[in-house]
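Colleague: Structure file work-v8.csv (CSV, C-alpha atoms) is given on the next line.
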chain,number,residue,atom,x,y,z
J,1,MET,CA,0.8,8.5,26.2
J,2,SER,CA,-1.6,11.3,26.6
J,3,LEU,CA,-4.8,11.7,24.6
J,4,ARG,CA,-3.3,14.8,22.9
J,5,ALA,CA,-0.1,13.1,22.0
J,6,TYR,CA,-2.1,10.3,20.3
J,7,ASP,CA,-4.1,12.9,18.4
J,8,GLU,CA,-1.0,14.7,17.2
J,9,LEU,CA,0.6,11.4,16.2
J,10,ALA,CA,-2.5,10.4,14.3
J,11,GLN,CA,-2.6,13.7,12.5
J,12,HIS,CA,1.1,13.4,11.7
J,13,ALA,CA,0.5,10.0,10.3
J,14,GLY,CA,-2.4,11.2,8.1
J,15,LEU,CA,-4.9,9.2,10.0
J,16,SER,CA,-8.1,10.0,11.7
J,17,SER,CA,-7.7,12.4,14.6
J,18,LEU,CA,-9.4,12.2,17.9
J,19,PRO,CA,-12.8,13.9,18.1
J,20,SER,CA,-13.5,16.4,20.8
J,21,SER,CA,-16.3,14.2,22.2
J,22,LEU,CA,-17.3,10.6,21.8
J,23,PRO,CA,-21.1,10.4,21.8
J,24,SER,CA,-21.7,7.5,24.0
J,25,LEU,CA,-18.4,6.2,25.2
J,26,SER,CA,-15.9,7.6,27.6
J,27,LYS,CA,-12.6,8.4,26.0
J,28,ASP,CA,-10.5,6.7,28.6
J,29,SER,CA,-12.7,4.0,30.0
J,30,PHE,CA,-12.5,1.6,27.0
J,31,LEU,CA,-10.6,-1.4,28.1
J,32,GLY,CA,-8.7,0.8,30.5
J,33,LYS,CA,-6.7,2.5,27.7
J,34,MET,CA,-6.7,5.6,25.6
J,35,VAL,CA,-8.8,5.3,22.6
J,36,VAL,CA,-9.0,6.9,19.2
J,37,MET,CA,-12.2,7.1,17.2
J,38,ALA,CA,-11.4,5.7,13.7
J,39,ALA,CA,-13.0,7.1,10.6
J,40,PRO,CA,-13.5,4.9,7.6
J,41,SER,CA,-11.0,5.6,4.9
J,42,ARG,CA,-12.4,3.9,1.9
J,43,SER,CA,-15.7,4.2,0.1
J,44,ASN,CA,-17.6,1.0,-0.4
J,45,LYS,CA,-16.3,-1.0,-3.4
J,46,VAL,CA,-19.8,-2.4,-3.9
J,47,LEU,CA,-20.9,1.1,-5.0
J,48,ARG,CA,-18.1,1.4,-7.5
J,49,ASN,CA,-18.9,-2.1,-9.0
J,50,ILE,CA,-22.6,-1.3,-9.3
J,51,ILE,CA,-21.8,2.0,-11.1
J,52,ILE,CA,-19.3,0.4,-13.5
J,53,THR,CA,-21.7,-2.4,-14.3
J,54,GLY,CA,-24.6,0.2,-14.8
J,55,CYS,CA,-22.4,2.2,-17.2
J,56,PHE,CA,-21.6,-0.9,-19.2
J,57,ILE,CA,-25.2,-1.8,-19.4
J,58,TRP,CA,-26.1,1.8,-20.5
J,59,VAL,CA,-23.4,1.7,-23.3
J,60,GLY,CA,-24.6,-1.7,-24.4
J,61,PHE,CA,-28.2,-0.4,-24.5
J,62,LEU,CA,-27.1,2.6,-26.6
J,63,PHE,CA,-25.3,0.4,-29.1
J,64,PHE,CA,-27.9,-2.3,-29.5
J,65,SER,CA,-31.2,-0.4,-29.0
J,66,VAL,CA,-30.8,3.4,-29.5
J,67,PHE,CA,-28.1,3.8,-32.2
J,68,PRO,CA,-29.6,1.4,-34.7
J,69,ASN,CA,-32.9,3.3,-34.6
J,70,LEU,CA,-31.3,6.8,-35.1
J,71,ASP,CA,-31.9,8.3,-38.5
J,72,ASP,CA,-29.3,10.5,-40.2
J,73,ASN,CA,-30.8,13.7,-38.8
J,74,ASN,CA,-30.4,12.5,-35.2
J,75,SER,CA,-27.0,10.9,-35.4
J,76,SER,CA,-25.0,14.1,-35.0
J,77,PRO,CA,-22.4,14.4,-32.2
J,78,LEU,CA,-24.9,16.8,-30.5
J,79,VAL,CA,-27.2,13.9,-30.0
J,80,ILE,CA,-24.8,11.0,-29.4
J,81,PHE,CA,-22.4,12.8,-27.0
J,82,PRO,CA,-25.1,13.7,-24.4
J,83,LEU,CA,-26.4,10.1,-24.6
J,84,PHE,CA,-22.9,8.8,-23.6
J,85,CYS,CA,-22.4,11.4,-20.8
J,86,ILE,CA,-25.9,11.9,-19.3
J,87,GLY,CA,-26.6,8.1,-18.9
J,88,PRO,CA,-23.5,7.3,-16.7
J,89,PHE,CA,-24.1,10.5,-14.7
J,90,VAL,CA,-27.7,9.6,-14.0
J,91,ILE,CA,-26.6,6.1,-13.1
J,92,MET,CA,-24.0,7.4,-10.8
J,93,VAL,CA,-26.3,9.8,-9.0
J,94,GLY,CA,-29.0,7.2,-8.9
J,95,VAL,CA,-26.8,4.4,-7.5
J,96,VAL,CA,-25.1,6.6,-4.9
J,97,GLY,CA,-28.4,8.2,-3.8
J,98,GLY,CA,-30.3,4.9,-3.9
J,99,TYR,CA,-27.6,3.0,-2.0
J,100,SER,CA,-27.3,5.7,0.7
J,101,LEU,CA,-31.1,5.8,1.1
J,102,LEU,CA,-31.2,2.0,1.3
J,103,MET,CA,-28.5,1.8,3.9
J,104,SER,CA,-29.9,4.6,5.9
J,105,THR,CA,-33.1,2.6,6.3
J,106,LEU,CA,-31.1,-0.1,8.1
J,107,PHE,CA,-27.9,1.3,9.5
J,108,GLY,CA,-27.1,4.2,11.8
J,109,ILE,CA,-23.7,5.9,12.0
J,110,PRO,CA,-21.1,3.4,13.3
J,111,GLN,CA,-18.7,4.3,16.1
J,112,THR,CA,-15.4,2.5,15.9
J,113,LEU,CA,-13.0,2.8,18.8
J,114,MET,CA,-9.5,1.6,18.6
J,115,SER,CA,-6.8,1.4,21.3
J,116,SER,CA,-4.5,3.1,18.9
J,117,VAL,CA,-4.1,3.7,15.1
J,118,ILE,CA,-0.3,3.7,15.3
J,119,LEU,CA,1.2,0.3,16.2
J,120,LYS,CA,4.3,-1.8,16.1
J,121,ARG,CA,5.1,-5.4,15.6
J,122,GLY,CA,3.7,-7.4,18.4
J,123,ASP,CA,1.2,-4.7,19.5
J,124,ALA,CA,-2.3,-5.6,20.4
J,125,LEU,CA,-5.1,-3.6,18.7
J,126,GLN,CA,-8.3,-3.5,20.6
J,127,ILE,CA,-11.4,-2.6,18.7
J,128,HIS,CA,-14.8,-1.7,19.9
J,129,TYR,CA,-17.3,-1.6,17.0
J,130,ILE,CA,-20.8,-0.2,17.7
J,131,GLN,CA,-23.2,-0.2,14.8
J,132,PRO,CA,-26.8,0.9,15.4
J,133,ILE,CA,-29.3,-1.1,13.4
J,134,LYS,CA,-32.8,0.3,12.8
J,135,ARG,CA,-34.7,-3.0,12.6
J,136,ASN,CA,-34.1,-6.6,13.5
J,137,VAL,CA,-32.0,-8.4,11.0
J,138,THR,CA,-30.0,-11.6,10.6
J,139,LEU,CA,-26.6,-11.2,9.2
J,140,LYS,CA,-25.4,-13.9,6.9
J,141,SER,CA,-21.9,-13.1,8.0
J,142,MET,CA,-20.0,-10.5,10.0
J,143,ALA,CA,-16.3,-10.3,9.3
J,144,PHE,CA,-13.6,-8.2,10.9
J,145,SER,CA,-10.3,-8.5,9.1
J,146,LEU,CA,-6.8,-7.3,9.7
J,147,VAL,CA,-5.4,-6.7,6.3
J,148,LEU,CA,-2.1,-5.7,4.7
J,149,GLN,CA,-3.0,-4.2,1.4
J,150,GLU,CA,-0.5,-3.9,-1.5
J,151,SER,CA,-1.3,-1.2,-4.0
J,152,ALA,CA,0.7,-0.6,-7.2
J,153,THR,CA,0.0,2.0,-9.9
J,154,TYR,CA,1.3,1.9,-13.4
J,155,ASP,CA,0.8,3.4,-16.8
J,156,GLN,CA,-1.0,1.3,-19.5
J,157,GLY,CA,-1.2,3.1,-22.8
J,158,SER,CA,-2.7,6.5,-22.0
J,159,SER,CA,-4.4,5.5,-18.8
J,160,THR,CA,-3.2,4.9,-15.3
J,161,VAL,CA,-4.1,1.6,-13.6
J,162,THR,CA,-4.0,0.8,-9.9
J,163,VAL,CA,-4.1,-2.8,-8.7
J,164,THR,CA,-4.5,-4.0,-5.1
J,165,HIS,CA,-3.9,-7.2,-3.3
J,166,ASP,CA,-5.1,-8.0,0.2
J,167,HIS,CA,-3.1,-10.2,2.6
J,168,VAL,CA,-5.6,-11.2,5.3
J,169,ILE,CA,-3.4,-11.4,8.4
J,170,ASP,CA,-6.2,-12.3,10.8
J,171,GLN,CA,-10.0,-12.6,10.5
J,172,ARG,CA,-12.9,-13.0,12.9
J,173,LEU,CA,-15.9,-14.4,11.1
J,174,ASP,CA,-19.4,-15.0,12.6
J,175,SER,CA,-22.2,-16.5,10.6
J,176,ASP,CA,-25.9,-16.2,10.9
J,177,VAL,CA,-25.8,-13.5,13.5
J,178,ALA,CA,-29.2,-12.3,14.7
J,179,ILE,CA,-29.1,-8.6,15.5
J,180,SER,CA,-31.8,-6.8,17.4
J,181,SER,CA,-32.6,-3.2,16.7
J,182,ASP,CA,-32.5,-2.5,20.5
J,183,THR,CA,-28.9,-3.5,20.9
J,184,GLY,CA,-27.5,-3.2,17.4
J,185,ILE,CA,-24.0,-4.5,16.8
J,186,ASP,CA,-21.7,-4.1,19.8
J,187,HIS,CA,-18.6,-6.1,19.2
J,188,GLN,CA,-15.2,-6.0,20.9
J,189,LEU,CA,-12.2,-7.9,19.6
J,190,THR,CA,-8.4,-7.8,19.7
J,191,PHE,CA,-6.0,-8.2,16.8
J,192,THR,CA,-2.3,-8.6,17.3
J,193,ILE,CA,0.2,-7.3,14.8
J,194,PRO,CA,2.4,-10.4,14.0
J,195,ASP,CA,6.0,-10.5,15.0
J,196,ASP,CA,7.1,-10.9,11.4
J,197,ALA,CA,4.8,-8.2,10.0
J,198,MET,CA,5.8,-5.6,7.4
J,199,HIS,CA,5.5,-2.0,8.3
J,200,SER,CA,3.3,0.5,6.5
J,201,PHE,CA,5.1,1.8,3.4
J,202,GLU,CA,4.4,4.6,1.0
J,203,ALA,CA,6.4,5.5,-2.1
J,204,TYR,CA,5.8,6.8,-5.5
J,205,ARG,CA,3.0,4.5,-7.0
J,206,ASN,CA,3.7,1.7,-4.5
J,207,THR,CA,2.1,1.4,-1.1
J,208,LEU,CA,1.7,-1.1,1.7
J,209,GLU,CA,-1.2,-0.1,3.9
J,210,TRP,CA,-2.7,-1.8,6.9
J,211,TYR,CA,-6.5,-1.8,7.4
J,212,VAL,CA,-9.1,-3.1,9.7
J,213,LYS,CA,-12.0,-4.1,7.4
J,214,VAL,CA,-15.5,-4.6,8.6
J,215,LYS,CA,-17.9,-6.4,6.3
J,216,LEU,CA,-21.5,-7.1,7.0
J,217,ASP,CA,-23.3,-9.5,4.7
J,218,ILE,CA,-27.1,-9.1,4.9
J,219,ALA,CA,-29.6,-11.1,2.9
J,220,ASN,CA,-31.2,-9.2,0.1
J,221,PHE,CA,-29.0,-6.1,0.8
J,222,PRO,CA,-25.7,-5.0,-0.8
J,223,ASP,CA,-22.7,-5.8,1.5
J,224,TYR,CA,-21.9,-3.1,4.0
J,225,GLN,CA,-18.2,-2.5,4.2
J,226,LYS,CA,-16.0,0.0,6.1
J,227,ASP,CA,-12.2,0.1,6.0
J,228,TYR,CA,-10.2,1.7,8.8
J,229,LYS,CA,-6.6,2.6,8.1
J,230,ILE,CA,-4.0,2.0,10.7
J,231,LYS,CA,-0.3,2.6,10.6
J,232,VAL,CA,2.3,0.0,11.5
J,233,LEU,CA,5.7,1.6,12.3
J,234,ALA,CA,9.0,0.2,11.3
J,235,GLU,CA,9.8,-0.6,14.9
J,236,VAL,CA,9.9,-3.8,16.9
J,237,ASN,CA,7.9,-4.0,20.2
J,238,ASP,CA,10.6,-4.8,22.8
J,239,GLU,CA,8.1,-6.2,25.2
J,240,SER,CA,6.9,-8.8,22.8
L,1,MET,CA,33.0,1.4,-35.7
L,2,LYS,CA,33.6,1.7,-32.0
L,3,ALA,CA,34.8,-1.5,-30.2
L,4,LYS,CA,32.4,-2.9,-27.7
L,5,ASN,CA,33.7,-2.9,-24.1
L,6,PRO,CA,34.2,-6.4,-22.8
L,7,THR,CA,32.1,-7.0,-19.7
L,8,PRO,CA,34.4,-6.8,-16.7
L,9,GLU,CA,34.0,-8.9,-13.6
L,10,ILE,CA,32.5,-6.9,-10.8
L,11,MET,CA,32.5,-8.3,-7.3
L,12,VAL,CA,30.9,-6.9,-4.2
L,13,ARG,CA,32.3,-8.5,-1.0
L,14,PHE,CA,30.2,-7.8,2.2
L,15,LYS,CA,32.1,-7.7,5.5
L,16,GLY,CA,30.6,-9.8,8.2
L,17,ALA,CA,27.6,-11.0,6.3
L,18,GLY,CA,26.4,-14.5,6.4
L,19,GLN,CA,25.2,-16.7,3.6
L,20,THR,CA,21.8,-15.0,3.8
L,21,ARG,CA,23.2,-11.5,3.5
L,22,THR,CA,20.7,-10.2,6.0
L,23,PHE,CA,21.2,-7.0,7.8
L,24,ASN,CA,19.3,-5.2,10.6
L,25,PRO,CA,18.1,-1.6,10.5
L,26,GLY,CA,20.9,0.5,11.9
L,27,ASP,CA,23.6,-2.0,11.1
L,28,THR,CA,26.8,-0.7,9.4
L,29,LEU,CA,27.1,-2.2,6.0
L,30,GLN,CA,30.7,-2.6,5.1
L,31,GLY,CA,32.5,-4.2,2.1
L,32,ILE,CA,34.6,-3.8,-0.9
L,33,VAL,CA,33.7,-3.3,-4.6
L,34,GLU,CA,36.2,-4.8,-7.1
L,35,ILE,CA,36.2,-4.3,-10.8
L,36,HIS,CA,38.5,-6.6,-12.8
L,37,PRO,CA,38.3,-5.9,-16.6
L,38,THR,CA,39.7,-8.3,-19.2
L,39,SER,CA,40.9,-5.3,-21.2
L,40,ASP,CA,41.3,-1.5,-20.6
L,41,ILE,CA,38.0,0.4,-20.3
L,42,LYS,CA,38.0,4.2,-20.6
L,43,CYS,CA,35.3,5.7,-18.4
L,44,ARG,CA,34.1,9.0,-17.0
L,45,ALA,CA,33.6,7.8,-13.5
L,46,VAL,CA,32.6,4.8,-11.3
L,47,GLU,CA,29.6,5.0,-9.1
L,48,ILE,CA,28.7,3.0,-6.0
L,49,LYS,CA,25.3,3.5,-4.5
L,50,VAL,CA,23.3,1.6,-1.8
L,51,GLY,CA,19.6,1.9,-1.5
L,52,TRP,CA,16.3,0.3,-2.2
L,53,HIS,CA,13.9,0.1,-5.2
L,54,THR,CA,10.5,-1.4,-5.7
L,55,GLU,CA,9.9,-4.2,-8.1
L,56,GLY,CA,6.6,-5.6,-9.3
L,57,ARG,CA,3.6,-4.2,-11.1
L,58,GLY,CA,3.9,-0.6,-10.1
L,59,THR,CA,6.1,2.1,-11.5
L,60,ARG,CA,9.5,1.8,-10.0
L,61,ALA,CA,10.2,3.9,-6.9
L,62,GLU,CA,13.7,4.1,-5.5
L,63,ALA,CA,16.0,5.9,-3.0
L,64,TYR,CA,19.7,5.6,-2.6
L,65,PRO,CA,20.8,7.1,0.7
L,66,TYR,CA,24.5,6.2,-0.1
L,67,PHE,CA,26.0,7.5,-3.2
L,68,ASP,CA,29.7,7.7,-4.1
L,69,ARG,CA,30.8,8.9,-7.5
L,70,ARG,CA,34.5,8.6,-8.3
L,71,ASP,CA,35.0,11.2,-11.0
L,72,ASP,CA,38.8,10.8,-10.7
L,73,VAL,CA,38.7,7.2,-12.1
L,74,LYS,CA,39.1,7.6,-15.9
L,75,MET,CA,40.2,4.0,-16.7
L,76,VAL,CA,40.0,0.5,-15.3
L,77,GLY,CA,42.1,-2.2,-16.8
L,78,MET,CA,43.8,-5.5,-16.2
L,79,MET,CA,46.8,-3.8,-14.7
L,80,GLN,CA,44.6,-1.2,-13.1
L,81,PRO,CA,41.7,-2.8,-11.3
L,82,PHE,CA,39.2,-0.7,-9.4
L,83,VAL,CA,39.0,-1.5,-5.6
L,84,GLU,CA,36.9,0.7,-3.3
L,85,GLN,CA,35.7,0.2,0.2
L,86,PHE,CA,32.3,1.3,1.3
L,87,SER,CA,30.7,1.8,4.7
L,88,PHE,CA,27.1,2.7,5.2
L,89,VAL,CA,24.7,2.8,8.1
L,90,ILE,CA,21.5,1.2,7.1
L,91,PRO,CA,18.4,3.4,7.9
L,92,SER,CA,15.5,2.1,9.9
L,93,GLU,CA,13.2,1.6,6.9
L,94,PRO,CA,11.9,0.4,4.5
L,95,TRP,CA,12.4,-3.3,5.3
L,96,SER,CA,12.9,-5.8,2.5
L,97,PHE,CA,9.6,-7.2,1.3
L,98,SER,CA,8.4,-9.6,-1.3
L,99,GLY,CA,4.7,-9.4,-2.1
L,100,HIS,CA,2.2,-10.0,-4.8
L,101,TYR,CA,2.4,-6.6,-6.6
L,102,VAL,CA,5.0,-4.8,-4.6
L,103,SER,CA,8.5,-5.9,-3.6
L,104,ILE,CA,11.1,-3.8,-1.9
L,105,VAL,CA,14.7,-4.8,-2.8
L,106,TRP,CA,17.8,-3.4,-1.1
L,107,SER,CA,21.0,-3.6,-3.2
L,108,ILE,CA,24.4,-2.2,-3.9
L,109,GLU,CA,24.6,-0.8,-7.4
L,110,VAL,CA,27.9,-0.4,-9.2
L,111,LYS,CA,28.1,1.6,-12.5
L,112,VAL,CA,31.0,2.2,-14.8
L,113,ASP,CA,30.0,5.4,-16.5
L,114,ILE,CA,31.2,5.3,-20.1
L,115,ALA,CA,31.1,8.3,-22.4
L,116,LEU,CA,29.0,7.8,-25.5
L,117,GLY,CA,28.6,4.1,-24.7
L,118,ARG,CA,26.5,1.7,-22.7
L,119,ASP,CA,27.3,1.9,-19.0
L,120,ILE,CA,28.4,-1.2,-17.3
L,121,THR,CA,26.2,-2.0,-14.3
L,122,HIS,CA,26.1,-4.6,-11.6
L,123,SER,CA,23.6,-5.0,-8.8
L,124,GLU,CA,24.1,-7.0,-5.6
L,125,PRO,CA,21.0,-7.5,-3.6
L,126,PHE,CA,20.8,-8.0,0.1
L,127,VAL,CA,18.1,-8.4,2.7
L,128,MET,CA,17.3,-5.7,5.3
L,129,GLN,CA,15.0,-6.8,8.0
L,130,PRO,CA,15.0,-6.9,11.8
Translate the structure of the given file into structure tokens.
Modeller:
Amino acid sequence: MSLRAYDELAQHAGLSSLPSSLPSLSKDSFLGKMVVMAAPSRSNKVLRNIIITGCFIWVGFLFFSVFPNLDDNNSSPLVIFPLFCIGPFVIMVGVVGGYSLLMSTLFGIPQTLMSSVILKRGDALQIHYIQPIKRNVTLKSMAFSLVLQESATYDQGSSTVTVTHDHVIDQRLDSDVAISSDTGIDHQLTFTIPDDAMHSFEAYRNTLEWYVKVKLDIANFPDYQKDYKIKVLAEVNDES
Amino acid sequence: MKAKNPTPEIMVRFKGAGQTRTFNPGDTLQGIVEIHPTSDIKCRAVEIKVGWHTEGRGTRAEAYPYFDRRDDVKMVGMMQPFVEQFSFVIPSEPWSFSGHYVSIVWSIEVKVDIALGRDITHSEPFVMQP
């Protein structure tokens, strides 16, 4: 399959398309196959959790420290409403900015190359993950996971709730990995889509999505996680 | 007061299906739907549809690529049972799936559409997987 065909397929599938140039790797030299550069498709859940926790702490702070001390003149909605709104906004901007700053002191921009982002049962998925690191670190763990994620959305009262469940199909886990700033992370691995795997599925409020998830656990740092979406077709690999 | 319709016996017989009722994508699903009421039931129509729906935590999603509505059937009774053959080429996806929050269930749905009354329905699941 040509590089252009891959690109068109990827765009058709709503996945990352092939960039016009790959900074340091040849497009067709990687493992002797065509490659596509995968872009992360999910933001870090760590950020979301920190923001939610921060907002809860802010609301608790308002109820137990600020509101009891407000006199009648200051307890109008004009005072209370901004307290509820401005606090979470400041927390959100602070956390996102602080996290990005913190991560940029340690990590460069990752390059993730995959043999394909559109696969079938029995197909091998070759991954080349290159992550520049700006200073020497020891990772508590470095995990690459092939995940089938269920996602269901439903109404609960006046709000809409989405729940997810991950089936870890395969995982490569390394512990206590010393990384030099000279080399960074340069990791190659291969996952195989199982012969009994379910294909990607998308319907109204119900999805089954495949991801390659990269998670780096560094001491005294928030976890660094990137998710790369792939598509598993409802086809069987005849060669497998 | 309107008399309640007695629940009829609705049977779906699959042709060439084993005990597991498993079919491959692209297979032709054939069979017979039979409705045997214990008394006469006046109805507007009888519907037979084949397709999939989701079960689990999320809001139900569904699609029925095969749909046959028999508007000419106005009554089914002891002396007038309903017997209808169906034939349907199963599409390539989605495959049956049973998960934590999302399940995909293929089934044949039979509905006796009753005017101003509760419809009589019957669902017969099967597995669609290569």
Colleague: For region 167-180 of chain J, find every residue with an atom within 7 Å (counting all atoms listed in the file), except residues of its own chain fewer than 4 positions away, and show them as JSON, numbers by chain.
Modeller: {"J": [135, 136, 137, 138, 139, 140, 141, 142, 143, 144, 145, 146, 147, 148, 149, 184, 185]}
Colleague: Please write the residues from the selection above to a file, keeping C-alpha atoms, as a compact mmCIF listing (two decimals), in the frame of the given file.
Modeller:
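Below is the file part03.txt, written as the result:
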# COMPACT_ATOMS: atom_id res chain seq x y z
CA ARG J 135 -34.70 -3.00 12.60
CA ASN J 136 -34.10 -6.60 13.50
CA VAL J 137 -32.00 -8.40 11.00
CA THR J 138 -30.00 -11.60 10.60
CA LEU J 139 -26.60 -11.20 9.20
CA LYS J 140 -25.40 -13.90 6.90
CA SER J 141 -21.90 -13.10 8.00
CA MET J 142 -20.00 -10.50 10.00
CA ALA J 143 -16.30 -10.30 9.30
CA PHE J 144 -13.60 -8.20 10.90
CA SER J 145 -10.30 -8.50 9.10
CA LEU J 146 -6.80 -7.30 9.70
CA VAL J 147 -5.40 -6.70 6.30
CA LEU J 148 -2.10 -5.70 4.70
CA GLN J 149 -3.00 -4.20 1.40
CA GLY J 184 -27.50 -3.20 17.40
CA ILE J 185 -24.00 -4.50 16.80
Colleague: Per residue of chain L within 6 Å of chain J, record the nearest atom pair and its distance in Å to one decimal, counting only C-alpha atoms, with rows in chain order and ascending residue number, as CSV.
Modeller:
residue,atom,partner,partner_atom,distance
L:Gly58,CA,J:Ala152,CA,4.3
L:Thr59,CA,J:Tyr154,CA,5.2
L:Ala61,CA,J:Tyr204,CA,5.5
Colleague: Quote the spacing between CA of Gln129 (chain L) and CA of Asn24 (chain L) in Å to one decimal place.
Modeller: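 Going from CA of Gln129 (chain L) over to CA of Asn24 (chain L) covers 5.3 Å.
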Colleague: Quick one: residues within 10 Å of Val110 (chain L), all atoms listed in the file counted, chain neighbours fewer than 2 positions away excluded, as a compact mmCIF listing (two decimals) with C-alpha atoms, keeping the file's coordinate frame?
Modeller:
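Result written to selection03.txt:
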# COMPACT_ATOMS: atom_id res chain seq x y z
CA ILE L 10 32.50 -6.90 -10.80
CA MET L 11 32.50 -8.30 -7.30
CA VAL L 12 30.90 -6.90 -4.20
CA VAL L 33 33.70 -3.30 -4.60
CA GLU L 34 36.20 -4.80 -7.10
CA ILE L 35 36.20 -4.30 -10.80
CA VAL L 46 32.60 4.80 -11.30
CA GLU L 47 29.60 5.00 -9.10
CA ILE L 48 28.70 3.00 -6.00
CA LYS L 49 25.30 3.50 -4.50
CA VAL L 50 23.30 1.60 -1.80
CA ASP L 68 29.70 7.70 -4.10
CA ARG L 69 30.80 8.90 -7.50
CA SER L 107 21.00 -3.60 -3.20
CA ILE L 108 24.40 -2.20 -3.90
CA VAL L 112 31.00 2.20 -14.80
CA ASP L 113 30.00 5.40 -16.50
CA ILE L 120 28.40 -1.20 -17.30
CA THR L 121 26.20 -2.00 -14.30
CA HIS L 122 26.10 -4.60 -11.60
CA SER L 123 23.60 -5.00 -8.80
CA GLU L 124 24.10 -7.00 -5.60
